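my_file24.pdb (PDB, C-alpha atoms) appears below.
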```pdb
ATOM      1  CA  MET A   1      37.034 -21.179-186.431  1.00  0.00           C
ATOM      2  CA  ALA A   2      34.096 -18.827-185.852  1.00  0.00           C
ATOM      3  CA  GLU A   3      35.180 -18.404-182.245  1.00  0.00           C
ATOM      4  CA  GLU A   4      38.685 -17.403-183.352  1.00  0.00           C
ATOM      5  CA  ALA A   5      37.256 -14.890-185.837  1.00  0.00           C
ATOM      6  CA  ALA A   6      35.106 -13.389-183.071  1.00  0.00           C
ATOM      7  CA  ARG A   7      38.132 -13.107-180.789  1.00  0.00           C
ATOM      8  CA  ARG A   8      40.095 -11.313-183.502  1.00  0.00           C
ATOM      9  CA  ALA A   9      37.186  -8.935-184.168  1.00  0.00           C
ATOM     10  CA  VAL A  10      36.912  -8.038-180.494  1.00  0.00           C
ATOM     11  CA  ALA A  11      40.667  -7.705-180.041  1.00  0.00           C
ATOM     12  CA  GLU A  12      40.592  -4.992-182.714  1.00  0.00           C
ATOM     13  CA  LEU A  13      37.908  -3.008-180.868  1.00  0.00           C
ATOM     14  CA  PRO A  14      38.612  -0.473-178.155  1.00  0.00           C
ATOM     15  CA  LEU A  15      37.358  -1.435-174.718  1.00  0.00           C
ATOM     16  CA  LEU A  16      35.059   1.089-173.093  1.00  0.00           C
ATOM     17  CA  ARG A  17      35.843   2.632-169.710  1.00  0.00           C
ATOM     18  CA  THR A  18      32.883   4.755-168.685  1.00  0.00           C
ATOM     19  CA  ALA A  19      30.310   2.872-166.605  1.00  0.00           C
ATOM     20  CA  ALA A  20      27.334   5.109-167.335  1.00  0.00           C
ATOM     21  CA  GLY A  21      23.927   4.570-168.867  1.00  0.00           C
ATOM     22  CA  PRO A  22      21.349   6.871-170.419  1.00  0.00           C
ATOM     23  CA  ARG A  23      19.965   7.871-167.020  1.00  0.00           C
ATOM     24  CA  ASP A  24      23.361   9.206-165.895  1.00  0.00           C
ATOM     25  CA  ARG A  25      23.210  12.708-167.369  1.00  0.00           C
ATOM     26  CA  GLU A  26      26.881  13.575-166.793  1.00  0.00           C
ATOM     27  CA  GLY A  27      28.365  10.166-167.567  1.00  0.00           C
ATOM     28  CA  TRP A  28      26.281   9.320-170.627  1.00  0.00           C
ATOM     29  CA  ALA A  29      27.983  11.753-173.043  1.00  0.00           C
ATOM     30  CA  PRO A  30      31.487  10.319-172.466  1.00  0.00           C
ATOM     31  CA  ARG A  31      30.109   6.760-172.651  1.00  0.00           C
ATOM     32  CA  LEU A  32      28.275   7.557-175.881  1.00  0.00           C
ATOM     33  CA  LYS A  33      31.502   8.923-177.409  1.00  0.00           C
ATOM     34  CA  GLU A  34      33.249   5.668-176.477  1.00  0.00           C
ATOM     35  CA  GLU A  35      30.370   3.680-178.012  1.00  0.00           C
ATOM     36  CA  TYR A  36      30.587   5.631-181.265  1.00  0.00           C
ATOM     37  CA  ARG A  37      34.382   5.228-181.422  1.00  0.00           C
ATOM     38  CA  ALA A  38      34.058   1.453-180.999  1.00  0.00           C
ATOM     39  CA  LEU A  39      31.230   1.208-183.548  1.00  0.00           C
ATOM     40  CA  ILE A  40      33.162   3.284-186.078  1.00  0.00           C
ATOM     41  CA  GLN A  41      36.214   1.082-185.557  1.00  0.00           C
ATOM     42  CA  TYR A  42      34.087  -2.053-186.002  1.00  0.00           C
ATOM     43  CA  VAL A  43      32.556  -0.736-189.234  1.00  0.00           C
ATOM     44  CA  GLU A  44      35.981   0.272-190.571  1.00  0.00           C
ATOM     45  CA  ASN A  45      37.431  -3.158-189.713  1.00  0.00           C
ATOM     46  CA  ASN A  46      34.514  -4.884-191.431  1.00  0.00           C
ATOM     47  CA  LYS A  47      34.870  -2.752-194.562  1.00  0.00           C
ATOM     48  CA  ARG A  48      38.598  -3.540-194.762  1.00  0.00           C
ATOM     49  CA  ALA A  49      37.718  -7.254-194.506  1.00  0.00           C
ATOM     50  CA  ASP A  50      34.951  -6.913-197.135  1.00  0.00           C
ATOM     51  CA  ASN A  51      32.459  -7.833-194.418  1.00  0.00           C
ATOM     52  CA  ASP A  52      30.206  -4.757-194.285  1.00  0.00           C
ATOM     53  CA  TRP A  53      26.957  -6.341-193.088  1.00  0.00           C
ATOM     54  CA  PHE A  54      24.927  -3.920-190.982  1.00  0.00           C
ATOM     55  CA  ARG A  55      23.619  -0.373-190.660  1.00  0.00           C
ATOM     56  CA  LEU A  56      22.774   1.405-187.423  1.00  0.00           C
ATOM     57  CA  GLU A  57      20.877   4.611-186.900  1.00  0.00           C
ATOM     58  CA  SER A  58      20.748   6.572-183.701  1.00  0.00           C
ATOM     59  CA  ASN A  59      18.336   9.048-182.240  1.00  0.00           C
ATOM     60  CA  ALA A  60      19.657  12.401-180.967  1.00  0.00           C
ATOM     61  CA  GLU A  61      20.289  11.050-177.460  1.00  0.00           C
ATOM     62  CA  GLY A  62      22.048   7.889-178.675  1.00  0.00           C
ATOM     63  CA  THR A  63      19.557   5.704-176.809  1.00  0.00           C
ATOM     64  CA  ARG A  64      17.536   4.038-179.563  1.00  0.00           C
ATOM     65  CA  TRP A  65      18.939   0.579-178.818  1.00  0.00           C
ATOM     66  CA  ILE A  66      19.801   0.986-175.144  1.00  0.00           C
ATOM     67  CA  PRO A  67      17.945  -0.479-172.136  1.00  0.00           C
ATOM     68  CA  VAL A  68      17.601   1.863-169.151  1.00  0.00           C
ATOM     69  CA  THR A  69      19.856  -0.419-167.081  1.00  0.00           C
ATOM     70  CA  TYR A  70      22.653  -0.225-169.685  1.00  0.00           C
ATOM     71  CA  PRO A  71      25.585  -0.983-169.466  1.00  0.00           C
ATOM     72  CA  SER A  72      24.865  -3.359-166.581  1.00  0.00           C
ATOM     73  CA  THR A  73      22.354  -5.176-168.782  1.00  0.00           C
ATOM     74  CA  ALA A  74      23.180  -6.228-172.320  1.00  0.00           C
ATOM     75  CA  PRO A  75      20.820  -4.813-174.945  1.00  0.00           C
ATOM     76  CA  GLU A  76      18.401  -7.175-176.641  1.00  0.00           C
ATOM     77  CA  ILE A  77      18.525  -7.549-180.401  1.00  0.00           C
ATOM     78  CA  ALA A  78      15.272  -7.881-182.310  1.00  0.00           C
ATOM     79  CA  ILE A  79      14.829  -8.923-185.927  1.00  0.00           C
ATOM     80  CA  PRO A  80      11.027  -8.760-186.297  1.00  0.00           C
ATOM     81  CA  GLU A  81      11.182 -10.129-189.854  1.00  0.00           C
ATOM     82  CA  LEU A  82      12.432 -13.467-188.466  1.00  0.00           C
ATOM     83  CA  ASP A  83       9.924 -13.726-185.612  1.00  0.00           C
ATOM     84  CA  GLY A  84       8.674 -17.307-185.298  1.00  0.00           C
ATOM     85  CA  LYS A  85      11.057 -18.694-187.918  1.00  0.00           C
ATOM     86  CA  THR A  86      13.679 -20.141-185.576  1.00  0.00           C
ATOM     87  CA  ALA A  87      13.628 -21.695-182.108  1.00  0.00           C
ATOM     88  CA  LYS A  88      16.526 -19.466-181.085  1.00  0.00           C
ATOM     89  CA  MET A  89      14.282 -16.442-180.865  1.00  0.00           C
ATOM     90  CA  TYR A  90      11.794 -14.989-178.403  1.00  0.00           C
ATOM     91  CA  ARG A  91       8.468 -13.316-179.128  1.00  0.00           C
ATOM     92  CA  GLY A  92       8.771 -10.099-181.021  1.00  0.00           C
ATOM     93  CA  GLY A  93      11.792 -11.303-182.969  1.00  0.00           C
ATOM     94  CA  LYS A  94      14.301 -10.963-180.113  1.00  0.00           C
ATOM     95  CA  ILE A  95      17.255 -13.248-180.668  1.00  0.00           C
ATOM     96  CA  CYS A  96      18.404 -15.621-177.939  1.00  0.00           C
ATOM     97  CA  LEU A  97      21.702 -14.455-176.470  1.00  0.00           C
ATOM     98  CA  SER A  98      21.192 -15.707-172.914  1.00  0.00           C
ATOM     99  CA  ASP A  99      23.303 -18.880-172.967  1.00  0.00           C
ATOM    100  CA  HIS A 100      26.464 -17.582-174.574  1.00  0.00           C
ATOM    101  CA  PHE A 101      26.619 -13.824-174.872  1.00  0.00           C
ATOM    102  CA  LYS A 102      24.936 -12.453-171.750  1.00  0.00           C
ATOM    103  CA  PRO A 103      27.327 -14.177-169.288  1.00  0.00           C
ATOM    104  CA  LEU A 104      30.258 -12.839-171.339  1.00  0.00           C
ATOM    105  CA  TRP A 105      28.731  -9.346-171.243  1.00  0.00           C
ATOM    106  CA  ALA A 106      28.240  -9.576-167.463  1.00  0.00           C
ATOM    107  CA  ARG A 107      31.926 -10.448-166.965  1.00  0.00           C
ATOM    108  CA  ASN A 108      33.013  -7.502-169.104  1.00  0.00           C
ATOM    109  CA  VAL A 109      30.868  -4.602-167.854  1.00  0.00           C
ATOM    110  CA  PRO A 110      31.592  -1.709-168.592  1.00  0.00           C
ATOM    111  CA  LYS A 111      34.305  -2.670-171.135  1.00  0.00           C
ATOM    112  CA  PHE A 112      31.851  -4.011-173.722  1.00  0.00           C
ATOM    113  CA  GLY A 113      29.538  -1.834-175.767  1.00  0.00           C
ATOM    114  CA  LEU A 114      27.324  -2.035-178.833  1.00  0.00           C
ATOM    115  CA  ALA A 115      30.205  -2.913-181.186  1.00  0.00           C
ATOM    116  CA  HIS A 116      31.023  -5.885-178.970  1.00  0.00           C
ATOM    117  CA  LEU A 117      27.345  -6.873-179.008  1.00  0.00           C
ATOM    118  CA  MET A 118      27.453  -6.886-182.807  1.00  0.00           C
ATOM    119  CA  ALA A 119      30.763  -8.786-183.010  1.00  0.00           C
ATOM    120  CA  LEU A 120      30.044 -11.395-180.333  1.00  0.00           C
ATOM    121  CA  GLY A 121      26.251 -11.537-180.255  1.00  0.00           C
ATOM    122  CA  LEU A 122      24.469 -10.717-183.487  1.00  0.00           C
ATOM    123  CA  GLY A 123      27.235 -11.664-185.943  1.00  0.00           C
ATOM    124  CA  PRO A 124      27.716 -15.242-184.697  1.00  0.00           C
ATOM    125  CA  TRP A 125      23.937 -15.717-184.292  1.00  0.00           C
ATOM    126  CA  LEU A 126      23.340 -14.675-187.890  1.00  0.00           C
ATOM    127  CA  ALA A 127      26.230 -16.834-189.129  1.00  0.00           C
ATOM    128  CA  VAL A 128      24.568 -19.917-187.644  1.00  0.00           C
ATOM    129  CA  GLU A 129      20.870 -19.195-188.051  1.00  0.00           C
ATOM    130  CA  ILE A 130      20.607 -17.581-191.492  1.00  0.00           C
ATOM    131  CA  PRO A 131      22.265 -20.418-193.473  1.00  0.00           C
ATOM    132  CA  ASP A 132      20.052 -22.905-191.600  1.00  0.00           C
ATOM    133  CA  LEU A 133      16.902 -20.916-192.412  1.00  0.00           C
ATOM    134  CA  VAL A 134      17.937 -20.662-196.066  1.00  0.00           C
ATOM    135  CA  ALA A 135      18.721 -24.398-196.252  1.00  0.00           C
ATOM    136  CA  LYS A 136      15.271 -25.197-194.823  1.00  0.00           C
ATOM    137  CA  GLY A 137      13.621 -22.877-197.352  1.00  0.00           C
ATOM    138  CA  ILE A 138      12.168 -20.696-194.599  1.00  0.00           C
ATOM    139  CA  ILE A 139      13.802 -17.553-195.950  1.00  0.00           C
ATOM    140  CA  GLN A 140      15.101 -16.701-199.410  1.00  0.00           C
ATOM    141  CA  HIS A 141      17.474 -14.168-200.828  1.00  0.00           C
ATOM    142  CA  LYS A 142      15.516 -11.130-202.039  1.00  0.00           C
ATOM    143  CA  GLU A 143      16.808 -11.555-205.607  1.00  0.00           C
ATOM    144  CA  LYS A 144      15.131 -14.961-205.928  1.00  0.00           C
TER
END
```
Produce structure tokens that represent the structure in this file.
Amino acid sequence: MAEEAARRAVAELPLLRTAAGPRDREGWAPRLKEEYRALIQYVENNKRADNDWFRLESNAEGTRWIPVTYPSTAPEIAIPELDGKTAKMYRGGKICLSDHFKPLWARNVPKFGLAHLMALGLGPWLAVEIPDLVAKGIIQHKEK
């Protein structure tokens, strides 16, 4: 069921065409525009589905979350607040995406971007890990 939901989410996102990273001065601006279009579409889709679950902020260059080898290399996602609370995490709070998401990213370069990372990487990871951490009493809702 979660896999089907992820497929639907990605099917509703535009695929990116520009194979440029932050080091490519001429190609980065068009790629960044594609990234923003996909992220905006993802946010709009989530709001329509009453599933508005994240906020992103960018720096002026649009590189805050981007590795220098992007888009060839998938970005890493870090949630420092959860560091050491789950086995599916590396030091510094970086979530483990290597088994499932990174091979998918590699097969879809340059078509995938940050919105795809959120839909297929972070979203499913949170859907599995957060309820488990709550059930174990490791984390609690802020209102409690």
- Using all atoms listed in the file, determine which residues lie at most 8 Å from A:Gly92, disregarding the query and same-chain residues fewer than 3 positions distant; provide the list as number ranges by chain. A: 78-80, 83
Quiz prompt | Cut-off 12 Å around (31.7, 3.0, -175.5) with all atoms listed in the file: residues as a ChimeraX atom specification | solution = /A:13-21,27-42,62,70-71,109-117
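Between atom CA of A:Gly84 and atom CA of A:Pro103 lies a distance of 24.8 Å.
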Fewer than 4 positions away in the same chain doesn't count, so skip those; otherwise give me all residues within 12 Å of A:Phe101, counting all atoms listed in the file, as a short mmCIF file (atom, residue, chain, number, x, y, z; two decimals) with C-alpha atoms, in the coordinates of the input.
```
data_model
loop_
_atom_site.label_atom_id
_atom_site.label_comp_id
_atom_site.auth_asym_id
_atom_site.auth_seq_id
_atom_site.Cartn_x
_atom_site.Cartn_y
_atom_site.Cartn_z
CA ALA A 6 35.11 -13.39 -183.07
CA THR A 73 22.35 -5.18 -168.78
CA ALA A 74 23.18 -6.23 -172.32
CA PRO A 75 20.82 -4.81 -174.94
CA GLU A 76 18.40 -7.18 -176.64
CA ILE A 77 18.52 -7.55 -180.40
CA ILE A 95 17.26 -13.25 -180.67
CA CYS A 96 18.40 -15.62 -177.94
CA LEU A 97 21.70 -14.46 -176.47
CA TRP A 105 28.73 -9.35 -171.24
CA ALA A 106 28.24 -9.58 -167.46
CA ARG A 107 31.93 -10.45 -166.96
CA ASN A 108 33.01 -7.50 -169.10
CA PHE A 112 31.85 -4.01 -173.72
CA HIS A 116 31.02 -5.88 -178.97
CA LEU A 117 27.34 -6.87 -179.01
CA MET A 118 27.45 -6.89 -182.81
CA ALA A 119 30.76 -8.79 -183.01
CA LEU A 120 30.04 -11.40 -180.33
CA GLY A 121 26.25 -11.54 -180.26
CA LEU A 122 24.47 -10.72 -183.49
CA GLY A 123 27.24 -11.66 -185.94
CA PRO A 124 27.72 -15.24 -184.70
CA TRP A 125 23.94 -15.72 -184.29
#
```
Atom pair atom CA of A:Val128 + atom CA of A:Glu143, distance 21.3 Å
Expressed in Å, the length from atom CA of A:Asn46 to atom CA of A:Ala87 is 28.4 Å
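Residue nearest A:Ala5, chosen from A:Leu56, A:Ala127, A:Val68, A:Val134 and counting all atoms listed in the file: A:Ala127.
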